[in-house]
Amino acid sequence: MRKKLIAGNWKMNLNIEQSEKLTSLILEKLNEDIFNKTDVVLCPPFTSLFNVHTLIKNSKIKLGAQNIHYKDEGAYTGEISASMIKSVGCEFVILGHSERRQYFYETDETVNLKIKKALEFSLIPIVCVGETITERESGIHETVVENQVVNSLKDISPDQLKNIIFAYEPVWAIGTGHTATPIQANSMHRKIRTVIENLYSNDIANTIKILYGGSVNEKNSADLFSQPDIDGGLVGGASLKPDSFTEIILSA
Ligand code: PEP
């Protein structure tokens, strides 16, 4: 059985002090038993990684970053490498978030390079895929997501794939309050599993975790997470509210 995972994507929010406050509140609210059922990952901005790690390192909460560059090091002003986030305590990294694709021109090709770099440093990539509203309304949403999955997995071996997590995040649902229905979300998760089964095997398709992201909150999370192919959530806005985020974790 796939263990549920809830990741909080804090995006470009919270300075160090605010990050520490939120982390402490989350730690206070979570009972140790919860981690037997659900993994929890916090993805603060780069500037807060060290301080958040210091607070969570003796707990079962794990740390993730929101991006890396695909090169090891060098003249890439403003970028952060896999080795850097590894050295600050990260075990996970969000890759190909739609905001990065939309505002920073990330492509399936760069996402693929980043996945390979993350794996080289034993980081678990949370690879985001999802269609825009126009793509859904024109009926090409499954093809769009299929292409994103196939392209991002170029030259990834079956053994490597076991260490990758996907997040289906319909762009029209991110930060909009319009969540995909549990049926819509599960159907795309099923599609992603089929794509992986065709590329690799049924075993791998059934092992891989696929999270849902897009306006998840404490009111809709239980219904979404009860779907057979939804293995947890990538939570943006609600992960900044300690009560909502812990309720989402409990609902998984
Ligand atoms: C996200 O940032 O990945 C996300 C899903 O945001 P929100 O939950 O705010 O829609």
# chains A, B, ... in the order shown; residues from 1 in each chain; ligands from 1

$ residues_near_ligand --ligand "ligand 1" --cutoff "6 Å" --atoms "only C-alpha atoms and all ligand atoms" --output "PyMOL selection string"
chain A and resi 9+173-175+213-216+234-237

$ write_last_selection --atoms "all heavy atoms" --output "compact mmCIF listing (two decimals), in the first residue's frame"
# COMPACT_ATOMS: atom_id res chain seq x y z
N ASN A 9 3.80 23.65 0.14
CA ASN A 9 4.60 24.52 -0.72
C ASN A 9 4.36 25.96 -0.28
O ASN A 9 3.31 26.53 -0.57
CB ASN A 9 4.19 24.32 -2.18
CG ASN A 9 4.87 25.29 -3.12
OD1 ASN A 9 5.86 25.92 -2.76
ND2 ASN A 9 4.35 25.41 -4.34
N ALA A 173 -6.64 25.20 -11.07
CA ALA A 173 -7.05 24.96 -9.67
C ALA A 173 -6.05 25.54 -8.68
O ALA A 173 -6.32 25.59 -7.49
CB ALA A 173 -7.20 23.46 -9.43
N ILE A 174 -4.89 26.00 -9.17
CA ILE A 174 -3.85 26.46 -8.25
C ILE A 174 -4.12 27.89 -7.79
O ILE A 174 -4.18 28.81 -8.61
CB ILE A 174 -2.45 26.37 -8.90
CG1 ILE A 174 -2.15 24.91 -9.24
CG2 ILE A 174 -1.38 26.93 -7.97
CD1 ILE A 174 -0.82 24.70 -9.90
N GLY A 175 -4.34 28.02 -6.50
CA GLY A 175 -4.54 29.33 -5.90
C GLY A 175 -5.83 30.03 -6.32
O GLY A 175 -5.98 31.23 -6.12
N GLY A 213 -2.69 18.51 -6.30
CA GLY A 213 -2.50 19.88 -5.83
C GLY A 213 -3.42 20.83 -6.58
O GLY A 213 -3.63 20.68 -7.79
N GLY A 214 -3.94 21.81 -5.88
CA GLY A 214 -4.81 22.81 -6.51
C GLY A 214 -5.94 23.13 -5.55
O GLY A 214 -6.94 22.40 -5.51
N SER A 215 -5.74 24.20 -4.74
CA SER A 215 -6.77 24.65 -3.80
C SER A 215 -7.23 23.55 -2.83
O SER A 215 -8.42 23.48 -2.51
CB SER A 215 -7.95 25.26 -4.55
OG SER A 215 -7.52 26.41 -5.26
N VAL A 216 -6.30 22.71 -2.40
CA VAL A 216 -6.66 21.73 -1.35
C VAL A 216 -6.83 22.50 -0.05
O VAL A 216 -6.02 23.37 0.28
CB VAL A 216 -5.54 20.66 -1.18
CG1 VAL A 216 -5.84 19.76 0.01
CG2 VAL A 216 -5.37 19.84 -2.45
N LEU A 234 -0.13 18.18 -2.58
CA LEU A 234 0.83 19.28 -2.58
C LEU A 234 -0.02 20.52 -2.32
O LEU A 234 -0.88 20.87 -3.14
CB LEU A 234 1.55 19.36 -3.93
CG LEU A 234 2.59 20.48 -4.09
CD1 LEU A 234 3.65 20.43 -2.99
CD2 LEU A 234 3.30 20.36 -5.44
N VAL A 235 0.20 21.11 -1.16
CA VAL A 235 -0.71 22.14 -0.66
C VAL A 235 0.00 23.49 -0.67
O VAL A 235 1.08 23.62 -0.07
CB VAL A 235 -1.16 21.79 0.77
CG1 VAL A 235 -2.21 22.80 1.27
CG2 VAL A 235 -1.70 20.37 0.84
N GLY A 236 -0.59 24.49 -1.32
CA GLY A 236 0.00 25.82 -1.35
C GLY A 236 -0.56 26.70 -0.24
O GLY A 236 -0.16 26.60 0.92
N GLY A 237 -1.55 27.52 -0.59
CA GLY A 237 -2.12 28.50 0.33
C GLY A 237 -2.43 27.95 1.72
O GLY A 237 -2.06 28.56 2.73

$ residues_around --residues "Lys3 in chain A" --least-positions-apart "5" --cutoff "8 Å" --atoms "only C-alpha atoms" --output "list in words"
Lys37, Thr38, Asp39 and Asp231 of chain A

$ residues_around --residues "Ser81 in chain A" --least-positions-apart "5" --cutoff "7 Å" --atoms "only C-alpha atoms" --output "compact mmCIF listing (two decimals) with N, CA, C and O atoms, in the first residue's frame"
# COMPACT_ATOMS: atom_id res chain seq x y z
N ILE A 68 15.63 23.54 -8.04
CA ILE A 68 17.09 23.52 -8.12
C ILE A 68 17.48 23.84 -9.57
O ILE A 68 16.64 23.78 -10.47
N HIS A 69 18.75 24.11 -9.76
CA HIS A 69 19.27 24.22 -11.13
C HIS A 69 19.75 22.82 -11.55
O HIS A 69 20.02 21.98 -10.69
N LYS A 71 22.50 22.21 -13.25
CA LYS A 71 23.97 22.11 -13.31
C LYS A 71 24.50 21.93 -11.89
O LYS A 71 23.85 22.33 -10.92
N ASP A 72 25.70 21.39 -11.79
CA ASP A 72 26.30 21.16 -10.46
C ASP A 72 26.67 22.46 -9.75
O ASP A 72 26.45 22.62 -8.56
N GLU A 73 27.31 23.36 -10.50
CA GLU A 73 27.78 24.62 -9.91
C GLU A 73 28.24 25.53 -11.05
O GLU A 73 28.26 25.10 -12.20

$ residues_around --residues "range 41-48 of chain A" --least-positions-apart "6" --cutoff "9 Å" --atoms "only C-alpha atoms" --output "PyMOL selection string"
chain A and resi 5-17+19-20+23+61-67+80+85+90-94+239

$ write_last_selection --atoms "N, CA, C and O atoms" --output "short mmCIF file (atom, residue, chain, number, x, y, z; two decimals), in the first residue's frame"
data_model
loop_
_atom_site.label_atom_id
_atom_site.label_comp_id
_atom_site.auth_asym_id
_atom_site.auth_seq_id
_atom_site.Cartn_x
_atom_site.Cartn_y
_atom_site.Cartn_z
N LEU A 5 1.29 11.14 1.54
CA LEU A 5 2.29 12.19 1.75
C LEU A 5 1.62 13.56 1.56
O LEU A 5 0.89 13.75 0.58
N ILE A 6 1.86 14.44 2.49
CA ILE A 6 1.34 15.80 2.35
C ILE A 6 2.54 16.75 2.36
O ILE A 6 3.35 16.75 3.29
N ALA A 7 2.67 17.53 1.29
CA ALA A 7 3.78 18.48 1.20
C ALA A 7 3.19 19.89 1.19
O ALA A 7 2.21 20.17 0.50
N GLY A 8 3.82 20.77 1.97
CA GLY A 8 3.39 22.17 2.00
C GLY A 8 4.35 23.01 1.17
O GLY A 8 5.55 23.04 1.45
N ASN A 9 3.80 23.65 0.14
CA ASN A 9 4.60 24.52 -0.72
C ASN A 9 4.36 25.96 -0.28
O ASN A 9 3.31 26.53 -0.57
N TRP A 10 5.34 26.52 0.41
CA TRP A 10 5.15 27.88 0.96
C TRP A 10 5.37 28.96 -0.11
O TRP A 10 5.16 30.14 0.15
N LYS A 11 5.83 28.56 -1.27
CA LYS A 11 6.09 29.51 -2.37
C LYS A 11 6.97 30.67 -1.87
O LYS A 11 7.78 30.47 -0.99
N MET A 12 6.80 31.88 -2.43
CA MET A 12 7.65 33.01 -2.00
C MET A 12 6.95 33.75 -0.86
O MET A 12 6.58 34.92 -0.96
N ASN A 13 6.75 33.00 0.24
CA ASN A 13 6.11 33.58 1.42
C ASN A 13 6.94 33.27 2.66
O ASN A 13 7.59 32.23 2.72
N LEU A 14 6.91 34.16 3.61
CA LEU A 14 7.48 34.03 4.95
C LEU A 14 8.99 34.26 5.01
O LEU A 14 9.77 33.57 4.36
N ASN A 15 9.34 35.23 5.87
CA ASN A 15 10.77 35.43 6.16
C ASN A 15 11.20 34.40 7.21
O ASN A 15 10.41 33.53 7.60
N ILE A 16 12.43 34.49 7.69
CA ILE A 16 12.93 33.46 8.60
C ILE A 16 12.11 33.37 9.88
O ILE A 16 11.69 32.28 10.30
N GLU A 17 11.83 34.53 10.46
CA GLU A 17 11.08 34.54 11.72
C GLU A 17 9.68 33.95 11.53
O GLU A 17 9.22 33.12 12.33
N SER A 19 8.75 31.89 9.23
CA SER A 19 8.89 30.46 8.91
C SER A 19 9.06 29.64 10.18
O SER A 19 8.49 28.55 10.33
N GLU A 20 9.87 30.18 11.10
CA GLU A 20 10.10 29.47 12.37
C GLU A 20 8.81 29.37 13.16
O GLU A 20 8.51 28.34 13.76
N THR A 23 6.52 26.76 11.55
CA THR A 23 7.05 25.41 11.79
C THR A 23 6.77 24.98 13.23
O THR A 23 6.33 23.84 13.46
N ILE A 61 9.08 15.19 10.51
CA ILE A 61 8.76 16.07 9.38
C ILE A 61 10.00 16.20 8.50
O ILE A 61 11.12 16.30 9.01
N LYS A 62 9.78 16.17 7.21
CA LYS A 62 10.91 16.24 6.28
C LYS A 62 10.95 17.59 5.55
O LYS A 62 9.95 18.30 5.50
N LEU A 63 12.13 17.85 4.98
CA LEU A 63 12.34 19.16 4.36
C LEU A 63 12.46 19.03 2.84
O LEU A 63 13.10 18.10 2.32
N GLY A 64 11.86 19.99 2.14
CA GLY A 64 11.99 20.02 0.68
C GLY A 64 12.26 21.44 0.22
O GLY A 64 11.90 22.41 0.90
N ALA A 65 12.90 21.56 -0.95
CA ALA A 65 13.08 22.88 -1.57
C ALA A 65 12.07 23.01 -2.71
O ALA A 65 11.40 22.05 -3.07
N GLN A 66 11.99 24.22 -3.26
CA GLN A 66 10.98 24.48 -4.30
C GLN A 66 11.54 24.44 -5.71
O GLN A 66 10.81 24.58 -6.68
N ASN A 67 12.87 24.27 -5.82
CA ASN A 67 13.49 24.27 -7.15
C ASN A 67 14.98 23.99 -6.98
O ASN A 67 15.52 24.17 -5.89
N ILE A 80 20.39 27.91 -7.38
CA ILE A 80 20.72 27.06 -6.23
C ILE A 80 20.89 25.63 -6.73
O ILE A 80 20.08 25.15 -7.53
N ILE A 85 21.07 22.36 -1.57
CA ILE A 85 19.86 22.08 -0.78
C ILE A 85 20.03 20.78 0.01
O ILE A 85 19.51 20.63 1.10
N CYS A 90 17.70 19.07 2.97
CA CYS A 90 16.54 18.70 2.15
C CYS A 90 16.60 17.24 1.72
O CYS A 90 17.67 16.72 1.37
N GLU A 91 15.44 16.61 1.72
CA GLU A 91 15.32 15.25 1.16
C GLU A 91 14.45 15.26 -0.09
O GLU A 91 14.41 14.29 -0.84
N PHE A 92 13.69 16.35 -0.28
CA PHE A 92 12.75 16.45 -1.40
C PHE A 92 12.99 17.74 -2.17
O PHE A 92 13.57 18.69 -1.63
N VAL A 93 12.54 17.78 -3.41
CA VAL A 93 12.54 19.04 -4.16
C VAL A 93 11.36 19.06 -5.14
O VAL A 93 11.11 18.07 -5.83
N ILE A 94 10.62 20.16 -5.10
CA ILE A 94 9.51 20.34 -6.06
C ILE A 94 10.12 20.75 -7.40
O ILE A 94 10.96 21.66 -7.44
N SER A 239 -1.17 25.60 3.31
CA SER A 239 -0.02 25.12 4.11
C SER A 239 0.58 26.26 4.93
O SER A 239 1.43 26.04 5.79
#

$ residues_around --residues "Leu95 in chain A" --least-positions-apart "6" --cutoff "10 Å" --atoms "only C-alpha atoms" --output "list in words"
Ala65, Gln66, Asn67, Ile68, His69, Arg101, Glu106, Thr110, Val111, Asn112, Lys114, Ile115, Ala118, Ile124, Pro125, Ile126, Val127, Cys128, Val129, Phe166 and Ala167 of chain A

$ select_by_dssp --residues "range 79-145 of chain A" --states "strand (DSSP E or B)" --output "JSON, numbers by chain"
{"A": [92, 93, 94, 95, 124, 125, 126, 127, 128, 129]}

$ residues_around --residues "Asn186 in chain A" --least-positions-apart "2" --cutoff "12 Å" --atoms "only C-alpha atoms" --output "number ranges by chain"
A: 167-169, 180-184, 188-193, 210-213, 223-232

$ select_by_dssp --residues "range 14-216 of chain A" --states "alpha helix (DSSP H)" --output "PyMOL selection string"
chain A and resi 16-29+34-37+49-56+82-87+98-103+108-120+133-137+141-152+158-161+182-199+202-207

$ closest_residue --among "A:Thr207, A:Ser201, A:Thr194, A:Ser251" --to "Ser221 in chain A" --atoms "only C-alpha atoms"
A:Ser251

$ closest_residue --among "A:Asn217, A:Asn147, A:Ser83, A:Thr134" --to "Thr176 in chain A" --atoms "only C-alpha atoms"
A:Asn217

$ atom_distance --atom1 "CA of Gly139 in chain A" --atom2 "CA of Val195 in chain A"
17.6 Å

$ atom_distance --atom1 "CA of Val88 in chain A" --atom2 "CA of His53 in chain A"
7.3 Å
